[in-house]
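Peer 1: Can you read through this structure? Questions will come right after.
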Amino acid sequence: MLFKGKGSILIFVTVIIFILSGCTEKKTPVDEMYNVLEDVVNKEKVFEEQQEPLVTLEKQEKELYDQIIKQGMKEYDQIVKLSDEALDLADKRKELFEKETTSLKESEQEFAKVADLKDQLDDPKLKETANDLYDIMMKRYEAHRELYQKYSESLQYDKELYQMFKNKNLPLEDLEAQINKLNDSYKNVYATNEQFNKYTEQYNEKKLSFYKKAGIKTK
């Protein structure tokens, strides 16, 4: 019920000084690529803001789960109370995860502009790097869509488990089966989350490489 936070893309502060003459010069494809890539970072600020509170909720819910497991059926009222608290935390996790997902969707809409811009680049090596950058980012978005599906499924299993805890007459084998199903579900979440983080790291590295090849100095 607890997994590592998700990777965030990096923002690079450009130190290029543009000297504007009497009229504004038309932006080059490189200029426009830079603007889009940094706008993508801004679109993901909400995504990044959800990471710490989401992990906090996961830890709190895990603590409640551990407390429930330690209770005997003589403490049924306490089990119900703890289960209701855990259900409330699960709903809050769902809310934060939805905000995170919306932020990624907005990021993807902005990043879609790269598809046309990268084809306008004249330098073959720069275009190759831009194509790699695009492919990695699209895999990252796809990984998050898969993560959304698996995390949502696990959340549902969590809620089912807490409802089961409140059933005095629940057979032990049913409870064990639900816990096993939940554990298997979160293994899939962990694996998908790791893949998402891997793509994020690759994207950040490729983005920096693109900036260097394009002559965009960053700090």
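Note on naming: chains are A, B, ... as they come in the structure tokens, residues start from 1 per chain, ligands start from 1 in the order shown.
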Compile a residue-level contact table for region 83-170 of chain A against region 195-198 of chain A at a cut-off of 9 Å, reporting for every qualifying residue the shortest atom pair and its distance in Å to one decimal, with only C-alpha atoms counted, rows ordered by chain and ascending number, as CSV.

Peer 2:
```
residue,atom,partner,partner_atom,distance
A:Lys139,CA,A:Phe196,CA,8.4
A:Arg140,CA,A:Phe196,CA,5.7
A:Tyr141,CA,A:Phe196,CA,8.1
A:Glu142,CA,A:Phe196,CA,8.7
A:Ala143,CA,A:Phe196,CA,5.4
A:His144,CA,A:Phe196,CA,6.3
A:Leu147,CA,A:Phe196,CA,8.1
```

Peer 1: Just the residues within 9 Å of Glu146 (chain A), please, counting only C-alpha atoms, with nothing from its chain fewer than 5 positions along; format it as an MDAnalysis selection string.

Peer 2: chainID A and resid 141 151 189 192

Peer 1: Would you put the residues from that selection into a file with N, CA and C atoms, as a compact mmCIF listing (two decimals), in the first residue's frame?

Peer 2:
```txt
# COMPACT_ATOMS: atom_id res chain seq x y z
N TYR A 141 4.48 8.97 -20.94
CA TYR A 141 3.03 9.21 -20.80
C TYR A 141 2.25 7.90 -20.80
N TYR A 151 -2.95 1.59 -10.34
CA TYR A 151 -3.08 2.22 -9.03
C TYR A 151 -4.56 2.34 -8.65
N VAL A 189 1.93 -2.26 -9.40
CA VAL A 189 2.04 -0.81 -9.28
C VAL A 189 3.50 -0.40 -9.12
N THR A 192 5.41 -0.77 -12.47
CA THR A 192 5.04 0.26 -13.44
C THR A 192 5.57 1.63 -13.02
```

Peer 1: Check the smallest atom-to-atom distance from each of A:Asp184, A:Glu98, A:Glu194, A:Glu49 to Gln149 (chain A) using only C-alpha atoms, then report the winner.

Peer 2: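 Checking each candidate against Gln149 (chain A), we get A:Glu98 as the closest.
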
Peer 1: Distance CA of Ser152 (chain A)-CA of Phe97 (chain A), one decimal place?

Peer 2: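 These two atoms are separated by 8.7 Å.
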
Peer 1: Env of region 120-125 of chain A: 8 Å cut, atoms = only C-alpha atoms, seq-sep filter 3 positions within chain, self excluded. Answer as number ranges by chain.

Peer 2: A: 29-30, 116-117, 128-129

Peer 1: What are the closest atom pairs, with distances in Å to one decimal, for all residues of region 31-78 of chain A lying within 12 Å of region 84-91 of chain A? Consider only C-alpha atoms, order rows by chain and residue number, and present the result as CSV.

Peer 2:
```
residue,atom,partner,partner_atom,distance
A:Pro53,CA,A:Leu89,CA,11.3
A:Leu54,CA,A:Leu89,CA,9.9
A:Val55,CA,A:Leu89,CA,11.4
A:Thr56,CA,A:Leu89,CA,10.1
A:Leu57,CA,A:Leu89,CA,6.4
A:Glu58,CA,A:Leu89,CA,8.0
A:Lys59,CA,A:Leu89,CA,10.1
A:Gln60,CA,A:Leu89,CA,7.9
A:Glu61,CA,A:Ala86,CA,5.5
A:Lys62,CA,A:Ala86,CA,8.5
A:Glu63,CA,A:Ala86,CA,9.2
A:Leu64,CA,A:Ala86,CA,6.3
A:Tyr65,CA,A:Ala86,CA,7.4
A:Asp66,CA,A:Ala86,CA,10.8
A:Gln67,CA,A:Ala86,CA,10.6
A:Ile68,CA,A:Ala86,CA,9.7
A:Asp77,CA,A:Asp84,CA,10.8
A:Gln78,CA,A:Asp84,CA,9.9
```

Peer 1: For the selection you just gave me, I'd like the residues written to a file as a tab-separated table (two decimals), in the first residue's frame, keeping C-alpha atoms.

Peer 2:
```tsv
chain	number	residue	atom	x	y	z
A	53	PRO	CA	1.11	14.57	0.30
A	54	LEU	CA	0.29	11.35	-1.59
A	55	VAL	CA	3.19	9.49	0.03
A	56	THR	CA	2.15	10.91	3.42
A	57	LEU	CA	-1.38	9.55	2.97
A	58	GLU	CA	-0.02	6.17	1.94
A	59	LYS	CA	2.11	6.00	5.09
A	60	GLN	CA	-0.82	6.98	7.29
A	61	GLU	CA	-3.02	4.37	5.68
A	62	LYS	CA	-0.33	1.71	6.13
A	63	GLU	CA	-0.18	2.57	9.83
A	64	LEU	CA	-3.95	2.14	10.13
A	65	TYR	CA	-3.76	-1.18	8.30
A	66	ASP	CA	-1.10	-2.42	10.72
A	67	GLN	CA	-3.25	-1.36	13.67
A	68	ILE	CA	-6.28	-3.20	12.25
A	77	ASP	CA	-15.66	-1.36	17.39
A	78	GLN	CA	-12.06	-0.22	17.11
```

Peer 1: For the helix (DSSP H, G or I) assignment from backbone DSSP, which residues of region 4-197 of chain A qualify? Please present them as a PyMOL selection string.

Peer 2: chain A and resi 29-43+45-70+73-111+114-120+124-165+172-197

Peer 1: Just want the 12 Å neighbourhood of Lys168 (chain A), counted on only C-alpha atoms, with same-chain residues fewer than 6 positions away dropped. Output as a ChimeraX atom specification.

Peer 2: /A:72-77,79-80,175

Peer 1: Just the selected residues (N, CA and C atoms), exported as a compact mmCIF listing (two decimals), in the first residue's frame, please.

Peer 2:
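Full text of out.txt as output:
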```
# COMPACT_ATOMS: atom_id res chain seq x y z
N GLY A 72 -7.89 -7.82 17.86
CA GLY A 72 -8.65 -9.06 17.90
C GLY A 72 -10.11 -8.72 17.67
N MET A 73 -10.95 -9.74 17.40
CA MET A 73 -12.36 -9.48 17.14
C MET A 73 -13.09 -8.92 18.35
N LYS A 74 -12.50 -9.06 19.54
CA LYS A 74 -13.09 -8.45 20.72
C LYS A 74 -13.05 -6.93 20.61
N GLU A 75 -12.15 -6.44 19.77
CA GLU A 75 -12.00 -4.99 19.55
C GLU A 75 -12.71 -4.59 18.27
N TYR A 76 -13.85 -5.18 18.01
CA TYR A 76 -14.56 -4.96 16.74
C TYR A 76 -14.87 -3.48 16.51
N ASP A 77 -15.33 -2.79 17.54
CA ASP A 77 -15.66 -1.36 17.39
C ASP A 77 -14.44 -0.56 16.95
N ILE A 79 -11.90 -1.80 15.26
CA ILE A 79 -11.62 -2.21 13.89
C ILE A 79 -12.47 -1.41 12.91
N VAL A 80 -13.75 -1.24 13.24
CA VAL A 80 -14.65 -0.46 12.38
C VAL A 80 -14.17 0.98 12.28
N LEU A 175 -10.67 -13.27 3.59
CA LEU A 175 -9.81 -12.14 3.96
C LEU A 175 -8.39 -12.36 3.44
```

Peer 1: Can you tell me which residues surround region 108-113 of chain A at a distance of at most 9 Å, considering only C-alpha atoms, apart from same-chain residues fewer than 4 positions away, and format the answer as a PyMOL selection string?

Peer 2: chain A and resi 33+36-37+39-40+43+103-104+117-118+134+137-138+141

Peer 1: May I have the residues from that selection written out with N, CA and C atoms, as a PDB file, in the first residue's frame?

Peer 2:
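Generated output (part-v3.pdb):
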```pdb
ATOM      1  N   MET A  33      10.933  24.983 -29.672  1.00  0.00           N
ATOM      2  CA  MET A  33      11.097  23.721 -28.936  1.00  0.00           C
ATOM      3  C   MET A  33      11.422  23.999 -27.473  1.00  0.00           C
ATOM      4  N   VAL A  36       8.296  25.185 -25.638  1.00  0.00           N
ATOM      5  CA  VAL A  36       7.351  24.088 -25.392  1.00  0.00           C
ATOM      6  C   VAL A  36       7.846  23.182 -24.272  1.00  0.00           C
ATOM      7  N   LEU A  37       9.122  22.820 -24.316  1.00  0.00           N
ATOM      8  CA  LEU A  37       9.668  21.906 -23.304  1.00  0.00           C
ATOM      9  C   LEU A  37       9.608  22.500 -21.898  1.00  0.00           C
ATOM     10  N   ASP A  39       7.401  24.853 -21.030  1.00  0.00           N
ATOM     11  CA  ASP A  39       5.969  24.945 -20.705  1.00  0.00           C
ATOM     12  C   ASP A  39       5.457  23.603 -20.182  1.00  0.00           C
ATOM     13  N   VAL A  40       6.011  22.526 -20.716  1.00  0.00           N
ATOM     14  CA  VAL A  40       5.650  21.185 -20.250  1.00  0.00           C
ATOM     15  C   VAL A  40       5.988  21.037 -18.759  1.00  0.00           C
ATOM     16  N   LYS A  43       3.391  22.757 -16.788  1.00  0.00           N
ATOM     17  CA  LYS A  43       2.138  21.995 -16.762  1.00  0.00           C
ATOM     18  C   LYS A  43       2.183  20.882 -15.714  1.00  0.00           C
ATOM     19  N   SER A 103      -2.817  16.715 -14.488  1.00  0.00           N
ATOM     20  CA  SER A 103      -1.619  17.499 -14.770  1.00  0.00           C
ATOM     21  C   SER A 103      -0.796  16.852 -15.880  1.00  0.00           C
ATOM     22  N   LEU A 104      -0.671  15.526 -15.850  1.00  0.00           N
ATOM     23  CA  LEU A 104       0.077  14.813 -16.888  1.00  0.00           C
ATOM     24  C   LEU A 104      -0.621  14.917 -18.245  1.00  0.00           C
ATOM     25  N   LEU A 117       7.427  20.411 -34.520  1.00  0.00           N
ATOM     26  CA  LEU A 117       8.622  21.246 -34.384  1.00  0.00           C
ATOM     27  C   LEU A 117       9.906  20.470 -34.649  1.00  0.00           C
ATOM     28  N   LYS A 118       9.969  19.236 -34.197  1.00  0.00           N
ATOM     29  CA  LYS A 118      11.210  18.460 -34.362  1.00  0.00           C
ATOM     30  C   LYS A 118      11.496  18.177 -35.841  1.00  0.00           C
ATOM     31  N   TYR A 134      11.345  12.831 -28.064  1.00  0.00           N
ATOM     32  CA  TYR A 134       9.907  12.667 -28.268  1.00  0.00           C
ATOM     33  C   TYR A 134       9.457  11.237 -27.954  1.00  0.00           C
ATOM     34  N   MET A 137       9.483  10.499 -24.180  1.00  0.00           N
ATOM     35  CA  MET A 137       8.403  11.168 -23.458  1.00  0.00           C
ATOM     36  C   MET A 137       7.058  10.491 -23.721  1.00  0.00           C
ATOM     37  N   MET A 138       6.835  10.051 -24.947  1.00  0.00           N
ATOM     38  CA  MET A 138       5.582   9.372 -25.254  1.00  0.00           C
ATOM     39  C   MET A 138       5.476   8.050 -24.498  1.00  0.00           C
ATOM     40  N   TYR A 141       4.475   8.967 -20.941  1.00  0.00           N
ATOM     41  CA  TYR A 141       3.033   9.214 -20.802  1.00  0.00           C
ATOM     42  C   TYR A 141       2.253   7.896 -20.803  1.00  0.00           C
TER      43      TYR A 141
END
```

Peer 1: Calculated over only C-alpha atoms, which of the candidates A:Lys150, A:Lys127, A:Arg93, A:Lys105 has the smallest distance to Tyr186 (chain A)?

Peer 2: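 Distance minimum relative to Tyr186 (chain A) lands on A:Lys150.
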
Peer 1: Could you pull the residues within 8 Å of Tyr203 (chain A), counting only C-alpha atoms, minus those fewer than 3 positions along the same chain, as a VMD selection string?

Peer 2: chain A and resid 9 133 136 to 137 199 to 200 206 to 207
